[in-house]
Amino acid sequence: MRLDADITSKLVRAANGADIEVLRDMRLAVEPGRLAALVGPSGCGKTTFLRCLAGLDTNFSGRIALPSEARLGMVFQEPRLLPWRTVDDNIRLAAPDATDAAIDQLLGALRLSGHRKHYPGELSLGLARRVALARAFAVEPDVLLLDEPFVSLDALLAQELRRELAALLGRRPVTTLLVTHDTMEAAQLADTVYVLSERPAHVIDQVDIAIRRIERSAAEVSDIAEDLDRRLGSSHSHA
Ligand SMILES: Nc1ncnc2c1ncn2[C@@H]1O[C@H](COP(=O)(O)OP(=O)(O)OP(=O)(O)O)[C@@H](O)[C@H]1O
Ligand SMILES: [Mg+2]
C-alpha cells in the first residue's frame with residue numbers, strides 16, 4: 001500500500017494560547033513495501049506528523065491518501081504498553097485476529113518467547129521496545145509508523161533491534177515510515193531518507209538509497225550516514 005501525505009498546515013495551541021504552526025507544506029510519499037526515514041531537528045514536528053498520519057490528530061489542513069481499511073501498526077517514542085496486562089495480552093488485545101502460530105513466530109523473531117507472561121513493569125526498556133514492535137507487527141499492518149523506536153537503548157542493543165526489524169520486513173515488506181535522529185539508523189534501514197526543516201516542518205532534502213538494504217556494507221552505510229549528516233548540518237546553518 002502506498003502512503004501519500006500532503007499537509008499544507010498544522011497548528012497547535014501553545015500554553016499561552018497562541019497558535020504555533022508545526023507543519024507547513026509537509027509532503028511525502030512512501031512506495032508500497034518501502035521504508036522511508038524521517039530525520040530532522042528536535043521539536044520540528046515529526047511526532048505531530050505521525051499522529052496526523054495515524055489519524056490520532058485530524059485537526060490539520062491538507063490530505064492524507066490512505067484507504068480507510070488500511071491497517072496501521074504504530075510504535076511510539078515510549079513503548080506505551082498496558083501495565084496491568086502481560087506481554088501476551090498486550091499483543092492479543094491489539095491484534096485479536098492474529099493466530100497463535102503467527103504470534104509464536106513473531107515473539108520468537110523478537111526473542112520474547114520467554115517473556116510472554118511478564119508484565120511491562122518487569123521488562124527492561126529493550127524488551128519493552130521489542131514488545132511494542134511485536135504488537136505493531138501482530139496486526140499484519142499495511143503501513144507501519146515508527147517514532148524513534150530504538151531511542152535511549154545502548155548501541156549494541158539498538159543494533160540488535162534494527163537487525164530484527166530488518167529481518168521482519170524482509171519476511172513481510174510493509175510500507176514504513178521511521179522517525180529517527182540517528183543518521184546511521186536511517187542509512188542502514190531506509191530506501192529513502194527525507195530530511196526535514198526546523199519548525200514548521202517540511203521536506204528540504206530527499207535521499208534515495210539505491211543499494212538494497214541487505215546488500216549495504218558497513219562502509220556504504222557509514223558513507224550514506226556521513227552524507228546525511230552533511231545535509232542535516234548544512235540545512236541548519238542556512239535555516
Ligand atoms: N499539543 C501541543 N501543544 C503545544 N505544543 C505542541 C503540542 N504538540 C506539539 N507541540 C509543539 O510542536 C512542536 C513539534 O512537536 P513534535 O513532538 O511533533 O516534535 P518532534 O519533531 O517529534 O520532536 P522530538 O525530536 O523531540 O521528538 C514542538 O515545538 C512542540 O513543543
Ligand atoms: Mg517526537
# chains A, B, ... in the order shown; residues from 1 in each chain; ligands from 1

call {"tool": "residues_around", "arguments": {"residues": "stretch 90-97 of chain A", "least_positions_apart": "3", "cutoff": "12 Å", "atoms": "only C-alpha atoms", "output": "PyMOL selection string"}}
result
chain A and resi 71-74+79-87+100-104+106-107+112+115-120+128+130-141

call {"tool": "write_last_selection", "arguments": {"atoms": "C-alpha atoms", "output": "compact mmCIF listing (two decimals), in the first residue's frame"}}
result
# COMPACT_ATOMS: atom_id res chain seq x y z
CA ARG A 71 -4.25 -1.50 8.82
CA LEU A 72 -1.82 0.63 10.77
CA GLY A 73 0.92 -0.50 13.11
CA MET A 74 2.46 2.16 15.28
CA PRO A 79 6.63 1.79 24.40
CA ARG A 80 3.13 2.57 25.82
CA LEU A 81 2.21 -0.93 26.93
CA LEU A 82 -0.76 -1.60 29.21
CA PRO A 83 0.95 -2.08 32.59
CA TRP A 84 -1.69 -4.42 34.04
CA ARG A 85 -1.57 -6.83 31.10
CA THR A 86 1.04 -9.45 30.30
CA VAL A 87 3.19 -9.30 27.19
CA ASP A 100 -1.38 -18.44 17.82
CA ALA A 101 1.12 -19.58 15.21
CA ALA A 102 1.64 -16.03 13.95
CA ILE A 103 2.15 -14.70 17.46
CA ASP A 104 4.54 -17.53 18.34
CA LEU A 106 6.67 -13.04 15.93
CA LEU A 107 7.66 -13.45 19.56
CA LEU A 112 10.39 -12.59 23.51
CA HIS A 115 8.67 -13.19 28.47
CA ARG A 116 5.10 -13.87 27.43
CA LYS A 117 3.74 -13.99 30.97
CA HIS A 118 5.70 -10.98 32.20
CA TYR A 119 4.12 -7.61 32.93
CA PRO A 120 5.56 -4.44 31.35
CA ALA A 128 9.52 -3.29 26.22
CA ARG A 130 10.57 -5.39 21.41
CA VAL A 131 7.02 -5.91 22.71
CA ALA A 132 5.93 -2.61 21.15
CA LEU A 133 7.37 -3.79 17.82
CA ALA A 134 5.72 -7.20 18.16
CA ARG A 135 2.40 -5.53 18.85
CA ALA A 136 2.73 -3.33 15.76
CA PHE A 137 3.58 -6.32 13.54
CA ALA A 138 0.91 -8.58 15.04
CA VAL A 139 -1.85 -6.68 13.25
CA GLU A 140 -0.15 -7.51 9.90
CA PRO A 141 -0.08 -3.82 9.10

call {"tool": "residues_near_ligand", "arguments": {"ligand": "ligand 2", "cutoff": "12 Å", "atoms": "only C-alpha atoms and all ligand atoms", "output": "number ranges by chain"}}
result
A: 22, 38-51, 75-78, 146-149, 151, 178-181

call {"tool": "closest_residue", "arguments": {"among": "A:Arg213, A:Arg27, A:Arg2, A:Arg13", "to": "ligand 1", "atoms": "only C-alpha atoms and all ligand atoms"}}
result
A:Arg13

call {"tool": "select_by_dssp", "arguments": {"residues": "stretch 149-189 of chain A", "states": "strand (DSSP E or B)", "output": "list of chain:residue names"}}
result
A:Thr175, A:Thr176, A:Leu177, A:Leu178, A:Val179

call {"tool": "closest_residue", "arguments": {"among": "A:Val221, A:Cys52, A:Ile209, A:Leu156", "to": "A:Met184", "atoms": "only C-alpha atoms"}}
result
A:Val221

call {"tool": "residues_around", "arguments": {"residues": "A:Ala158", "least_positions_apart": "3", "cutoff": "12 Å", "atoms": "only C-alpha atoms", "output": "list in words"}}
result
Leu125, Gly126, Leu127, Arg129, Arg130, Glu148, Pro149, Phe150, Val151, Ser152, Leu153, Asp154, Ala155, Leu161, Arg162, Arg163, Glu164, Leu165, Asp182, Met184 and Glu185 of chain A

call {"tool": "write_last_selection", "arguments": {"atoms": "N, CA and C atoms", "output": "CSV table (one decimal), in the first residue's frame"}}
result
chain,number,residue,atom,x,y,z
A,125,LEU,N,13.9,-1.7,29.2
A,125,LEU,CA,13.4,-0.8,28.1
A,125,LEU,C,13.6,-1.6,26.7
A,126,GLY,N,14.7,-2.3,26.6
A,126,GLY,CA,14.9,-3.0,25.3
A,126,GLY,C,13.8,-4.0,25.1
A,127,LEU,N,13.5,-4.8,26.1
A,127,LEU,CA,12.4,-5.8,26.0
A,127,LEU,C,11.1,-5.1,25.7
A,129,ARG,N,10.5,-2.3,24.2
A,129,ARG,CA,10.5,-1.9,22.8
A,129,ARG,C,10.3,-3.0,21.9
A,130,ARG,N,10.8,-4.2,22.2
A,130,ARG,CA,10.6,-5.4,21.4
A,130,ARG,C,9.1,-5.7,21.4
A,148,GLU,N,11.0,6.9,16.5
A,148,GLU,CA,12.2,6.7,17.3
A,148,GLU,C,12.1,5.4,18.1
A,149,PRO,N,11.9,4.3,17.5
A,149,PRO,CA,11.6,3.0,18.2
A,149,PRO,C,12.8,2.5,19.0
A,150,PHE,N,14.0,3.0,18.7
A,150,PHE,CA,15.2,2.4,19.3
A,150,PHE,C,16.0,3.5,20.1
A,151,VAL,N,15.3,4.6,20.4
A,151,VAL,CA,16.0,5.7,21.1
A,151,VAL,C,16.2,5.3,22.6
A,152,SER,N,17.3,5.8,23.1
A,152,SER,CA,17.8,5.5,24.5
A,152,SER,C,18.0,4.1,24.8
A,153,LEU,N,18.4,3.3,23.8
A,153,LEU,CA,18.9,2.0,24.1
A,153,LEU,C,20.4,2.1,23.9
A,154,ASP,N,21.2,1.2,24.5
A,154,ASP,CA,22.6,1.2,24.3
A,154,ASP,C,22.9,0.8,22.8
A,155,ALA,N,24.0,1.1,22.3
A,155,ALA,CA,24.3,1.0,20.9
A,155,ALA,C,24.1,-0.5,20.4
A,161,LEU,N,18.1,-4.7,17.7
A,161,LEU,CA,16.7,-4.5,17.3
A,161,LEU,C,16.6,-4.1,15.9
A,162,ARG,N,17.5,-3.3,15.4
A,162,ARG,CA,17.4,-2.9,14.0
A,162,ARG,C,17.5,-4.1,13.1
A,163,ARG,N,18.4,-5.0,13.4
A,163,ARG,CA,18.6,-6.2,12.6
A,163,ARG,C,17.3,-7.0,12.7
A,164,GLU,N,16.6,-7.1,13.8
A,164,GLU,CA,15.4,-7.8,14.0
A,164,GLU,C,14.3,-7.2,13.1
A,165,LEU,N,14.2,-5.9,13.2
A,165,LEU,CA,13.2,-5.1,12.4
A,165,LEU,C,13.5,-5.4,10.9
A,182,ASP,N,18.9,9.4,14.3
A,182,ASP,CA,20.2,8.6,14.1
A,182,ASP,C,20.4,8.4,12.6
A,184,MET,N,22.9,7.0,11.2
A,184,MET,CA,23.4,5.6,10.9
A,184,MET,C,22.2,4.7,10.7
A,185,GLU,N,21.2,4.9,11.6
A,185,GLU,CA,20.0,4.0,11.6
A,185,GLU,C,19.3,4.2,10.2

call {"tool": "closest_residue", "arguments": {"among": "A:Ser61, A:Gln105, A:Ser234, A:Ser197", "to": "ligand 1", "atoms": "only C-alpha atoms and all ligand atoms"}}
result
A:Ser197

call {"tool": "closest_residue", "arguments": {"among": "A:Arg24, A:Arg216, A:Arg111, A:Arg63", "to": "ligand 1", "atoms": "only C-alpha atoms and all ligand atoms"}}
result
A:Arg24

call {"tool": "closest_residue", "arguments": {"among": "A:Glu198, A:Asp229, A:Asp89, A:Asp6", "to": "ligand 1", "atoms": "only C-alpha atoms and all ligand atoms"}}
result
A:Glu198

call {"tool": "closest_residue", "arguments": {"among": "A:Ala15, A:Leu66, A:Ala29, A:Ile214", "to": "ligand 1", "atoms": "only C-alpha atoms and all ligand atoms"}}
result
A:Ala15

call {"tool": "residues_around", "arguments": {"residues": "A:Tyr194", "least_positions_apart": "4", "cutoff": "9 Å", "atoms": "only C-alpha atoms", "output": "PyMOL selection string"}}
result
chain A and resi 28+36-40+203-208

call {"tool": "atom_distance", "arguments": {"atom1": "atom CA of A:Asp25", "atom2": "atom CA of A:Ala70"}}
result
23.8 Å
